[in-house]
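One structure below.
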Amino acid sequence: MTPDSTLKVKAIDWREEELYLLDQRLLPQQEVWVKCNRVEEVVEAIKAMLVRGAPAIGITAAYGVALAARQRFAEQPQSWKEAIQEDLAALEASRPTAVNLAWALKQMRRQVDALKSDQNPFAPLAAFARAIHQADQEANLLMGKLGAEVLASNQDHGRDVMTHCNAGALATGGYGTALGVIRAAWDKKLIERVHVNETRPWLQGSRLTAWELEKEGIPALLHVDSAAAHQLKTHPISWVVVGADRITANGDVANKIGTYQLAIQALHHGAGLMVVAPTSTIDMELETGDEITLEERDADEVLCVADQRIGAEVAVANPVFDVTPADLVDYLVTEKGVIHRPDKEQLEKLMSRKSMH
Ligand SMILES: CSC[C@@H](O)[C@@H](O)C(=O)COP(=O)(O)O
C-alpha cells in the first residue's frame with residue numbers, strides 16, 4: 001500500500017525542509033496552513049491545539065526535534081547535543097496526556113544520542129521524523145483493515161456506528177485510527193451512517209470529524225453529547241468506535257472527555273466498544289489509568305461559545321480526557337493485532353510481537 005495516495009485529508013506536511021501544520025482551530029471555516037521553522041513555534045502549536053490528536057502530536061514533536069537540531073547546530077555546532085536537551089524537555093511538556101508525544105521523543109532522543117557531536121544532525125533527524133510519520137500512516141491503514149473485519153463480525157443492532165472526538169486523518173499521520181476503521185468499513189460497504197458526538201467543549205466532533213466524513217462522502221448524523229444515549233437507544237448502532245491517548249498496562253483507556261460515559265451507555269444498549277490505537281499509544285510503564293495525568297484546560301473553553309461569554313461566574317471543571325476502565329472495552333485494535341477484552345497478559349504479548357507491516 002502506498003499511504004500518501006490514499007489520503008484525502010492531512011494535517012501535517014514536511015516540505016522543503018519546513019514543517020507545515022493545518023490550523024485545526026480554524027476548521028471547518030478556513031483551511032490555513034501554518035509554517036513552523038523553529039522548535040518554539042512547534043511547542044506553541046501543540047500547546048494551543050493548532051495540531052491535536054495523540055499520534056499527530058507525536059509526529060509533530062518528532063519534526064520539532066529536527067528543527068531544534070538545525071537551530072542549535074547553527075548556534076553552537078560543538079555543543080548542539082547539550083543545547084537541544086531543553087528543547088526536548090519543552091516539547092515533552094507541551095501536552096501531558098497523549099503518550100505518543102513521549103514515545104516519539106524517546107525515538108528521536110535515541111537518534112540524537114547516536115549522532116556524533118560535530119555532525120550536522122538536521123538531515124538524519126528530519127529523515128527519521130519522516131519515517132515515524134510514514135509508519136503511522138501505514139499503521140492506520142492496517143488498523144482500518146483489522147477493525148473493519150471485527151466490525152463485520154457483529155452487526156446485531158444494524159449498520160450504524162458512533163464515534164467521539166476526532167480520531168481521523170487530522171489526529172494522526174493520515175487516514176485515522178477510529179475514523180480509519182470507519183473509512184475502511186465504508187469502503188467495504190459495511191456501514192451506513194456515522195453518529196458523531198459534537199465533543200464539547202472544543203467541538204472536535206462537529207468541527208473536525210463531521211468535516212472529514214463530509215469530504216469522504218460518508219453519511220454523518222451530528223448530535224450534542226447529551227443525546228448519545230438516546231441515539232444508541234433509538235438507532236441501529238452496533239459499534240462505538242473511538243481512538244485513545246494513552247492505554248495503560250491493564251488495558252484502561254484515556255481518551256477525550258465523554259468517552260467513559262459513552263462506554264457505559266454502549267454497554268447498556270448492547271453496542272460494542274472498539275478502541276483503535278497504534279502501539280505507540282500503549283504505555284506499559286503505567287499499571288492502571290489512575291496513574292495517568294489528565295489534562296485540565298482553561299475555564300474559558302467551557303464558559304465561552306463562539307467567543308461569547310455565556311456562563312455565569314462560577315468555578316469551572318474542564319478535564320479534557322477521562323479514563324474508560326478496561327472491562328468496558330470490547331476490542332482493542334492496533335497495528336500489531338486485535339485484542340478481545342484487553343488485559344495485562346494480552347497487552348504484554350501484543351507488545352512483544354513484531355509489527356505486522
Ligand atoms: C487518533 S486520535 C485519538 C485521541 O487523541 C483523540 O480521540 C483525542 O482525544 C484527541 O484529543 P485532543 O484534545 O483533540 O488532542
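Within each chain, counting starts at residue 1; across the C-alpha cells, chains are named A, B, ... in the order shown, with ligands numbered 1 upward in that order.
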Which residues of stretch 16-65 of chain A have any atom within 9 Å of an atom in stretch 206-215 of chain A when counting only C-alpha atoms, and what is the closest pair of atoms for each, with the distance in Å to one decimal? Order the rows by chain and rising number and write it as a Markdown table.
```
| residue | atom | partner | partner_atom | distance |
| --- | --- | --- | --- | --- |
| A:Gln24 | CA | A:Leu208 | CA | 7.8 |
| A:Arg25 | CA | A:Arg207 | CA | 8.9 |
| A:Leu26 | CA | A:Arg207 | CA | 8.9 |
| A:Leu27 | CA | A:Arg207 | CA | 6.2 |
| A:Pro28 | CA | A:Arg207 | CA | 5.7 |
| A:Gln29 | CA | A:Arg207 | CA | 8.8 |
```
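Look at A:Val9: the protein and nucleic acid residues within 9 Å of it, using only C-alpha atoms and passing over chain neighbours fewer than 4 places away, are Gly168, Ala169, Leu170, Gly174, Tyr175, Glu212 and Lys215 of chain A.
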> So which one's closest to ligand 1, A:Gly258, A:Gly147, A:Gly272, A:Gly53? Using only C-alpha atoms and all ligand atoms, please.
Replying inline: A:Gly53
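The environment of A:Ala48 within 12 Å, counting only C-alpha atoms and disregarding residues fewer than 2 places along the same chain, consists of A:Asp23, A:Gln24, A:Arg25, A:Glu41, A:Val42, A:Val43, A:Glu44, A:Ala45, A:Ile46, A:Leu50, A:Val51, A:Arg52, A:Ile57, A:Ser94, A:Arg95, A:Trp202, A:Arg297, A:Asp298.
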Once you have the residues from the selection above, write them out as a PDB file, in the first residue's frame, restricted to C-alpha atoms.
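That gives us selection12.pdb:
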```
ATOM      1  CA  ASP A  23      -4.538  25.074  11.766  1.00  0.00           C
ATOM      2  CA  GLN A  24      -7.259  22.855  13.250  1.00  0.00           C
ATOM      3  CA  ARG A  25      -8.603  25.721  15.364  1.00  0.00           C
ATOM      4  CA  GLU A  41       6.710  27.515  17.176  1.00  0.00           C
ATOM      5  CA  VAL A  42       6.169  23.758  17.304  1.00  0.00           C
ATOM      6  CA  VAL A  43       5.843  23.779  21.116  1.00  0.00           C
ATOM      7  CA  GLU A  44       3.317  26.616  20.896  1.00  0.00           C
ATOM      8  CA  ALA A  45       1.362  24.863  18.105  1.00  0.00           C
ATOM      9  CA  ILE A  46       0.929  21.762  20.288  1.00  0.00           C
ATOM     10  CA  LEU A  50      -3.269  24.163  16.326  1.00  0.00           C
ATOM     11  CA  VAL A  51      -2.339  20.499  15.912  1.00  0.00           C
ATOM     12  CA  ARG A  52      -4.040  17.912  18.142  1.00  0.00           C
ATOM     13  CA  ILE A  57       1.156  15.458  18.358  1.00  0.00           C
ATOM     14  CA  SER A  94       3.674  20.781  25.776  1.00  0.00           C
ATOM     15  CA  ARG A  95       0.689  18.462  26.498  1.00  0.00           C
ATOM     16  CA  TRP A 202     -13.612  22.055  21.786  1.00  0.00           C
ATOM     17  CA  ARG A 297      -7.764  23.206  30.175  1.00  0.00           C
ATOM     18  CA  ASP A 298      -8.868  26.788  30.593  1.00  0.00           C
TER      19      ASP A 298
END
```
Please, which residues in chain A fall within 8 Å of ligand 1 when counting only C-alpha atoms and all ligand atoms, and what is the closest atom pair and distance in Å to one decimal for each, ordered by chain then residue number, as a tab-separated table?
```
residue	atom	partner	partner_atom_place_in_ligand_line	distance
A:Met49	CA	ligand 1	15 (O)	6.9
A:Val51	CA	ligand 1	15 (O)	7.6
A:Arg52	CA	ligand 1	15 (O)	3.9
A:Gly53	CA	ligand 1	5 (O)	3.6
A:Ala54	CA	ligand 1	5 (O)	3.8
A:Pro55	CA	ligand 1	1 (C)	6.0
A:Ala56	CA	ligand 1	2 (S)	7.6
A:Ile57	CA	ligand 1	15 (O)	7.7
A:Ala98	CA	ligand 1	5 (O)	6.7
A:His164	CA	ligand 1	7 (O)	6.9
A:Cys165	CA	ligand 1	7 (O)	5.2
A:Asn166	CA	ligand 1	7 (O)	5.4
A:Ala167	CA	ligand 1	1 (C)	3.7
A:Gly168	CA	ligand 1	1 (C)	6.0
A:Ala169	CA	ligand 1	1 (C)	7.9
A:Ala171	CA	ligand 1	2 (S)	4.8
A:Thr172	CA	ligand 1	1 (C)	5.5
A:Gly176	CA	ligand 1	1 (C)	5.9
A:Thr177	CA	ligand 1	1 (C)	5.0
A:Ala178	CA	ligand 1	1 (C)	6.7
A:Trp202	CA	ligand 1	14 (O)	7.6
A:Gln204	CA	ligand 1	14 (O)	6.2
A:Val242	CA	ligand 1	7 (O)	6.3
A:Gly243	CA	ligand 1	3 (C)	4.0
A:Ala244	CA	ligand 1	3 (C)	4.3
A:Asp245	CA	ligand 1	5 (O)	4.7
A:Ala254	CA	ligand 1	9 (O)	7.9
A:Asn255	CA	ligand 1	9 (O)	4.5
A:Lys256	CA	ligand 1	9 (O)	3.6
A:Ile257	CA	ligand 1	9 (O)	7.3
A:Val276	CA	ligand 1	1 (C)	7.8
A:Ala277	CA	ligand 1	1 (C)	6.6
A:Val320	CA	ligand 1	13 (O)	6.5
A:Phe321	CA	ligand 1	9 (O)	6.7
```
>> Would you pick out the contacts of A:Cys36 at 10 Å or less, using only C-alpha atoms, so that residues sharing its chain but fewer than 2 positions from it are not included, and give the list as a ChimeraX atom specification?
In response: /A:14,18-21,33-34,38-43,45,63-64,67
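Among the candidate residues A:Lys349, A:His223, A:Arg183, A:His133, the one lying nearest to A:His195 is A:His223, with distances computed using only C-alpha atoms.
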> Hey, what does DSSP flag as helix (DSSP H, G or I) within stretch 197-275 of chain A? Can you give it to me as a PyMOL selection string?
Replying inline: chain A and resi 204-216+225-234+259-268
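Among the candidates A:Ser117, A:Asn250, A:Asn140, A:Ser238, the residue lying nearest to A:Leu267 is A:Ser238 (atoms considered: only C-alpha atoms).
If you look at atom CA of A:Ala148 and atom CA of A:Ile237, they are 14.9 Å away from each other.
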>> Please list as JSON, numbers by chain every residue within 7 Å of A:Leu294, counting only C-alpha atoms and excluding residues in the same chain fewer than 3 positions away.
In response: {"A": [97, 319, 321, 322]}
Go ahead and write the selection's residues with C-alpha atoms as a compact mmCIF listing (two decimals), in the first residue's frame.
```txt
# COMPACT_ATOMS: atom_id res chain seq x y z
CA THR A 97 -1.94 13.05 28.40
CA PRO A 319 -10.98 17.96 32.35
CA PHE A 321 -9.72 13.50 28.99
CA ASP A 322 -11.22 10.67 31.03
```
> When distances are computed from only C-alpha atoms, which of A:Ala139, A:Ile339, A:Ala129, A:Ala90 shows the smallest separation from A:Ile59?
Replying inline: A:Ala129
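Look at A:Met143: the protein and nucleic acid residues within 7 Å of it, using only C-alpha atoms and passing over chain neighbours fewer than 6 places away, are A:Thr177, A:Val181, A:Val333, A:Thr334, A:Glu335.
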>> Which residue is closest to A:Asn120? Choose from A:Asp156, A:Asp330, A:Asp343, A:Glu75 and count only C-alpha atoms.
In response: A:Glu75
